[in-house]
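Inspection log for the structure reproduced underneath, given as structure tokens.
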Amino acid sequence: MRRIRNRWFGPEITLFSVILFFVEFVRGAVLISFLPIFGQKTLGLNFDIIGIAITAHYLTDTVLKMGIGYLLDRFSIRFVVHTGLLASLAGIFLLQFSFQPWLFIVAAALYGVGISPIWIVCLTKVSEDNRATQMGFLYTIWLVGLGSGPIICNIVLDYSTSLTYYTLLILSLLCWVLSLFISNRKTQAVTTLPLKEQLVVLRERLRHMKLLLPGMILQTAGAGMLVPILPSFAQNKLGMTGAQYSLLLLAGGACTAVGLIPFGRLSDKLGGKKWFLVLGFIFIAAGLYGLSLEPPLWESMLLAGVLGLSYSALLPAWNALLAAYVPPQQSGLGWGIFSTVEGIGGMIGPVIGGVLASGMGESAVVWYAAILYGLIGFFYIWFPFRVFTENAKATK
């Protein structure tokens, strides 16, 4: 057992997992809880400025993933991650002085720049033999960090805003210090090519995986559609209190966290990633459709669990499938571009969800998101996955 555990989660993956956890903990706390409250109550900023700042964070994080990937292929891993986390620390540090709207936006954007490297590095460090298993583990760390950050932040905010701020600042400093212990050893040999040549290789990869692109963009767009309406949907349509809504999120998040590693191991063992993808998308669609019918509390909790398990089945298999199309010698740039493509959906989804909610109501947004996920699932049922395998092998 010890030998297996070391093979899956060695010291290097463990270090990255610790850094990833604290990075996502701070990120969840900052974006979901701290920025809105600190910006409004302490800095006296309007909600539109706060919204622009959060958008600036996601925009820089998404766009710069491609550039971070290129840097990872040309410079040392420690240097890129260390510099990125220093930028993230600087963004948190600037918040205390951000009484001017432009500086508040710049601080949030700088924080987004700093977060970009760590996830890309994690994607390039996992082993190919156990990719789905290790990615399931990393997704669990990501989910627990991102989910626990806002919960703990909200509790501390009830006592002291300054204590919350300095806690987040210290944790950001800890991430930066831990990055000093990152090894520069690469999991595979890296050949440095001019950017133009690397883009040619990646364009060829994108051409071979063009039928994966709808899923890459639409699944994040579907999730993004739900972000602006979920709290009001839970309160107005499901009749939930704030505590019950938190319990709903906890049910979905717990089922996702519990399922990620088992489904990742099962995906590695069985190898039938097509059906993990198909069933994951279809069960997400079914769960969202059930919620759009405005069920009672106990049914909503059950559907949240179904959504969590479906998502945990989908994520490791989806990542393992994408991994077949990452150029082996330019993995950082490859994962950076793919993450950027997926980020497009995350940026356009909230806009679509907000427009639909304004014109048709919150339930319509959930219903259309269900249709979107269902279409993705049924599309991949009929798509011959042997073509994916052949395309991946052809571009090795």
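Within each chain, counting starts at residue 1; across the structure tokens, chains are named A, B, ... in the order shown, with ligands numbered 1 upward in that order.
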
- Message: Just want the 12 Å neighbourhood of Leu157 in chain A, counted on only C-alpha atoms, with same-chain residues fewer than 3 positions away dropped. Output as a PyMOL selection string.
- Response: chain A and resi 29-30+33-38+41-42+149-154+160-168

- Message: Env of range 96-107 of chain A: 10 Å cut, atoms = only C-alpha atoms, seq-sep filter 6 positions within chain, self excluded. Answer as a count of residues only.
- Response: 25

- Message: Can you measure CA of Leu266 in chain A to CA of Leu315 in chain A for me? One decimal in Å is fine.
- Response: 12.6 Å

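Nearest-residue note for Thr14 in chain A: choosing from A:Thr60, A:Gln134, A:Gln40, A:Gln235, the minimum distance belongs to A:Gln134, counting only C-alpha atoms.
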
Show me, as a CSV table (one decimal) with C-alpha atoms, in the first residue's frame, the residues that have an atom within 12 Å of Leu86 in chain A when counting only C-alpha atoms, minus same-chain residues fewer than 3 positions from it.
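And here is the file that came out, part.csv:
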chain,number,residue,atom,x,y,z
A,23,VAL,CA,-4.0,29.3,-3.3
A,78,ARG,CA,10.3,27.5,-9.8
A,79,PHE,CA,10.9,30.9,-11.2
A,80,VAL,CA,7.6,31.1,-13.0
A,81,VAL,CA,5.5,29.9,-10.0
A,82,HIS,CA,7.5,31.9,-7.5
A,83,THR,CA,7.1,35.1,-9.6
A,89,LEU,CA,0.7,38.5,-2.9
A,90,ALA,CA,1.2,42.0,-4.3
A,91,GLY,CA,-2.4,42.1,-5.4
A,92,ILE,CA,-3.7,41.1,-1.9
A,93,PHE,CA,-1.3,43.6,-0.3
A,110,LEU,CA,-2.8,41.5,-10.4
A,111,TYR,CA,-4.1,38.8,-8.1
A,112,GLY,CA,-5.5,37.0,-11.2
A,113,VAL,CA,-2.1,37.1,-12.9
A,114,GLY,CA,-0.5,35.5,-9.9
A,115,ILE,CA,-2.8,32.5,-9.7
A,116,SER,CA,-2.3,31.4,-13.4
A,117,PRO,CA,0.9,29.4,-13.0
A,169,LEU,CA,-2.4,38.1,3.3
A,172,SER,CA,-0.7,34.3,0.4
A,173,LEU,CA,2.8,34.9,1.9
A,174,LEU,CA,2.9,31.2,2.9
A,175,CYS,CA,2.2,30.1,-0.7
A,176,TRP,CA,5.0,32.3,-1.9
A,177,VAL,CA,7.5,30.8,0.6
A,178,LEU,CA,6.4,27.2,-0.2
A,179,SER,CA,7.1,27.9,-3.9
A,180,LEU,CA,10.8,28.2,-3.0

- Query: Within 9 Å of range 297-308 of chain A, counting only C-alpha atoms, which residues qualify if same-chain residues fewer than 2 places away don't, as an MDAnalysis selection string?
  - Reply: chainID A and resid 238:240 244 247:259 280 283:288 290:291 294:295 310:313

Keeping only N, CA and C atoms, take the residues you just selected and write them out as a compact mmCIF listing (two decimals), in the first residue's frame.
# COMPACT_ATOMS: atom_id res chain seq x y z
N LEU A 238 -36.86 27.79 -4.83
CA LEU A 238 -36.79 26.59 -3.99
C LEU A 238 -37.22 26.87 -2.56
N GLY A 239 -37.43 28.14 -2.22
CA GLY A 239 -37.89 28.50 -0.88
C GLY A 239 -36.88 28.22 0.21
N MET A 240 -35.59 28.34 -0.08
CA MET A 240 -34.56 28.02 0.90
C MET A 240 -34.12 29.25 1.67
N GLN A 244 -30.01 26.84 4.47
CA GLN A 244 -30.38 25.70 3.62
C GLN A 244 -29.65 25.76 2.28
N LEU A 247 -26.26 24.51 2.80
CA LEU A 247 -26.31 23.05 2.90
C LEU A 247 -26.42 22.41 1.52
N LEU A 248 -27.16 23.05 0.62
CA LEU A 248 -27.28 22.55 -0.76
C LEU A 248 -25.92 22.55 -1.45
N LEU A 249 -25.20 23.65 -1.31
CA LEU A 249 -23.86 23.73 -1.91
C LEU A 249 -22.92 22.72 -1.28
N LEU A 250 -23.05 22.55 0.04
CA LEU A 250 -22.19 21.59 0.74
C LEU A 250 -22.47 20.17 0.26
N ALA A 251 -23.75 19.84 0.02
CA ALA A 251 -24.10 18.50 -0.46
C ALA A 251 -23.48 18.23 -1.82
N GLY A 252 -23.59 19.20 -2.73
CA GLY A 252 -23.00 19.02 -4.05
C GLY A 252 -21.49 18.96 -4.00
N GLY A 253 -20.88 19.86 -3.23
CA GLY A 253 -19.43 19.87 -3.14
C GLY A 253 -18.87 18.63 -2.47
N ALA A 254 -19.54 18.15 -1.41
CA ALA A 254 -19.07 16.95 -0.72
C ALA A 254 -19.12 15.74 -1.63
N CYS A 255 -20.20 15.59 -2.38
CA CYS A 255 -20.31 14.45 -3.29
C CYS A 255 -19.26 14.53 -4.40
N THR A 256 -18.96 15.74 -4.85
CA THR A 256 -17.90 15.90 -5.85
C THR A 256 -16.56 15.48 -5.27
N ALA A 257 -16.24 15.98 -4.09
CA ALA A 257 -14.96 15.67 -3.46
C ALA A 257 -14.81 14.18 -3.18
N VAL A 258 -15.88 13.56 -2.71
CA VAL A 258 -15.84 12.13 -2.39
C VAL A 258 -15.67 11.30 -3.65
N GLY A 259 -16.26 11.72 -4.75
CA GLY A 259 -16.26 10.90 -5.96
C GLY A 259 -15.05 11.06 -6.85
N GLY A 280 -21.48 11.49 -17.39
CA GLY A 280 -21.31 12.67 -16.56
C GLY A 280 -22.13 13.84 -17.07
N PHE A 283 -26.07 13.03 -16.76
CA PHE A 283 -26.60 13.10 -15.40
C PHE A 283 -26.57 14.52 -14.85
N ILE A 284 -25.61 15.32 -15.28
CA ILE A 284 -25.64 16.74 -14.90
C ILE A 284 -26.88 17.40 -15.49
N ALA A 285 -27.17 17.09 -16.76
CA ALA A 285 -28.36 17.64 -17.40
C ALA A 285 -29.62 17.21 -16.66
N ALA A 286 -29.68 15.94 -16.28
CA ALA A 286 -30.87 15.43 -15.58
C ALA A 286 -31.03 16.11 -14.22
N GLY A 287 -29.92 16.31 -13.51
CA GLY A 287 -29.98 16.95 -12.20
C GLY A 287 -30.44 18.40 -12.30
N LEU A 288 -29.92 19.12 -13.29
CA LEU A 288 -30.33 20.51 -13.47
C LEU A 288 -31.80 20.61 -13.89
N GLY A 290 -34.13 18.55 -13.07
CA GLY A 290 -34.91 18.31 -11.87
C GLY A 290 -35.00 19.54 -10.99
N LEU A 291 -33.90 20.27 -10.87
CA LEU A 291 -33.91 21.50 -10.07
C LEU A 291 -34.78 22.58 -10.71
N GLU A 294 -38.33 23.10 -9.62
CA GLU A 294 -38.54 23.68 -8.29
C GLU A 294 -39.04 22.65 -7.29
N PRO A 295 -38.25 21.60 -7.04
CA PRO A 295 -38.68 20.53 -6.13
C PRO A 295 -38.59 20.95 -4.67
N SER A 310 -21.88 13.34 -10.59
CA SER A 310 -21.75 13.40 -12.04
C SER A 310 -20.52 14.22 -12.43
N TYR A 311 -20.33 15.33 -11.73
CA TYR A 311 -19.18 16.19 -12.02
C TYR A 311 -17.88 15.48 -11.69
N SER A 312 -17.88 14.71 -10.60
CA SER A 312 -16.66 13.98 -10.22
C SER A 312 -16.33 12.88 -11.21
N ALA A 313 -17.33 12.30 -11.86
CA ALA A 313 -17.08 11.29 -12.89
C ALA A 313 -16.56 11.93 -14.16

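Considering only C-alpha atoms, the residue among A:Leu85, A:Ile348, A:Leu95, A:Leu15 positioned nearest to Gly222 in chain A is A:Ile348.
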
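Excluding Val341 in chain A itself and same-chain residues fewer than 4 positions from it, the residues having an atom within 8 Å of it are Leu213, Met216, Ile217, Ile337 and Gly345 of chain A, counting only C-alpha atoms.
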
- Expressed in Å, the length from CA of Gln219 in chain A to CA of Ser148 in chain A is 23.4 Å

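Shortest atom-to-atom contact with Gly377 in chain A among A:Leu279, A:Tyr159, A:Ala357, A:Leu72: A:Leu279, counting only C-alpha atoms.
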
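Of the residues listed (A:Glu342, A:Asp268, A:Pro214, A:Leu309), A:Pro214 shows the shortest atom-to-atom separation from Phe379 in chain A; distances use only C-alpha atoms.
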
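Taking CA of Leu212 in chain A and CA of Ile261 in chain A as endpoints, the distance between them is 23.5 Å.
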
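Residues in contact with Leu375 in chain A at 10 Å, where only C-alpha atoms are counted and same-chain residues fewer than 3 positions away are skipped, are listed as Gly215, Leu218, Phe281, Ile282, Ala285, Ala369, Ala370, Ile371, Leu372, Phe378, Phe379, Tyr380 and Ile381 of chain A.
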
Export, as an mmCIF file, in the first residue's frame, the selected residues with N, CA, C and O atoms.
data_model
loop_
_atom_site.group_PDB
_atom_site.id
_atom_site.type_symbol
_atom_site.label_atom_id
_atom_site.label_comp_id
_atom_site.auth_asym_id
_atom_site.auth_seq_id
_atom_site.Cartn_x
_atom_site.Cartn_y
_atom_site.Cartn_z
ATOM 1 N N GLY A 215 -17.316 20.873 -26.247
ATOM 2 C CA GLY A 215 -17.415 20.477 -24.848
ATOM 3 C C GLY A 215 -16.552 21.330 -23.951
ATOM 4 O O GLY A 215 -16.940 21.660 -22.827
ATOM 5 N N LEU A 218 -18.538 24.837 -23.898
ATOM 6 C CA LEU A 218 -19.933 24.831 -23.466
ATOM 7 C C LEU A 218 -20.114 24.351 -22.029
ATOM 8 O O LEU A 218 -21.008 24.820 -21.326
ATOM 9 N N PHE A 281 -22.034 14.118 -18.381
ATOM 10 C CA PHE A 281 -22.799 15.216 -18.966
ATOM 11 C C PHE A 281 -24.305 14.983 -18.855
ATOM 12 O O PHE A 281 -25.067 15.891 -18.508
ATOM 13 N N ILE A 282 -24.739 13.765 -19.153
ATOM 14 C CA ILE A 282 -26.181 13.493 -19.167
ATOM 15 C C ILE A 282 -26.772 13.553 -17.758
ATOM 16 O O ILE A 282 -27.877 14.091 -17.558
ATOM 17 N N ALA A 285 -27.169 17.088 -16.762
ATOM 18 C CA ALA A 285 -28.362 17.640 -17.402
ATOM 19 C C ALA A 285 -29.623 17.214 -16.664
ATOM 20 O O ALA A 285 -30.533 18.025 -16.424
ATOM 21 N N ALA A 369 -29.503 25.572 -19.087
ATOM 22 C CA ALA A 369 -28.219 24.946 -18.763
ATOM 23 C C ALA A 369 -28.334 23.427 -18.840
ATOM 24 O O ALA A 369 -27.416 22.741 -19.308
ATOM 25 N N ALA A 370 -29.468 22.891 -18.391
ATOM 26 C CA ALA A 370 -29.697 21.444 -18.487
ATOM 27 C C ALA A 370 -29.711 20.999 -19.946
ATOM 28 O O ALA A 370 -29.114 19.968 -20.304
ATOM 29 N N ILE A 371 -30.384 21.758 -20.806
ATOM 30 C CA ILE A 371 -30.416 21.428 -22.238
ATOM 31 C C ILE A 371 -29.004 21.441 -22.813
ATOM 32 O O ILE A 371 -28.611 20.561 -23.588
ATOM 33 N N LEU A 372 -28.220 22.433 -22.425
ATOM 34 C CA LEU A 372 -26.858 22.559 -22.936
ATOM 35 C C LEU A 372 -26.017 21.341 -22.580
ATOM 36 O O LEU A 372 -25.352 20.745 -23.446
ATOM 37 N N PHE A 378 -25.217 13.877 -25.399
ATOM 38 C CA PHE A 378 -25.727 13.089 -26.525
ATOM 39 C C PHE A 378 -24.842 13.220 -27.757
ATOM 40 O O PHE A 378 -24.719 12.280 -28.547
ATOM 41 N N PHE A 379 -24.202 14.369 -27.914
ATOM 42 C CA PHE A 379 -23.281 14.530 -29.039
ATOM 43 C C PHE A 379 -22.137 13.528 -28.939
ATOM 44 O O PHE A 379 -21.761 12.878 -29.923
ATOM 45 N N TYR A 380 -21.585 13.381 -27.734
ATOM 46 C CA TYR A 380 -20.450 12.478 -27.579
ATOM 47 C C TYR A 380 -20.859 11.010 -27.552
ATOM 48 O O TYR A 380 -20.002 10.136 -27.674
ATOM 49 N N ILE A 381 -22.154 10.717 -27.388
ATOM 50 C CA ILE A 381 -22.602 9.333 -27.547
ATOM 51 C C ILE A 381 -22.358 8.871 -28.980
ATOM 52 O O ILE A 381 -21.861 7.767 -29.233
#

- Task: Identify which of the residues A:Val365, A:Trp382, A:Leu314, A:Phe276 lies closest to Ile352 in chain A, counting only C-alpha atoms when measuring atom-to-atom distances.
- Result: A:Val365
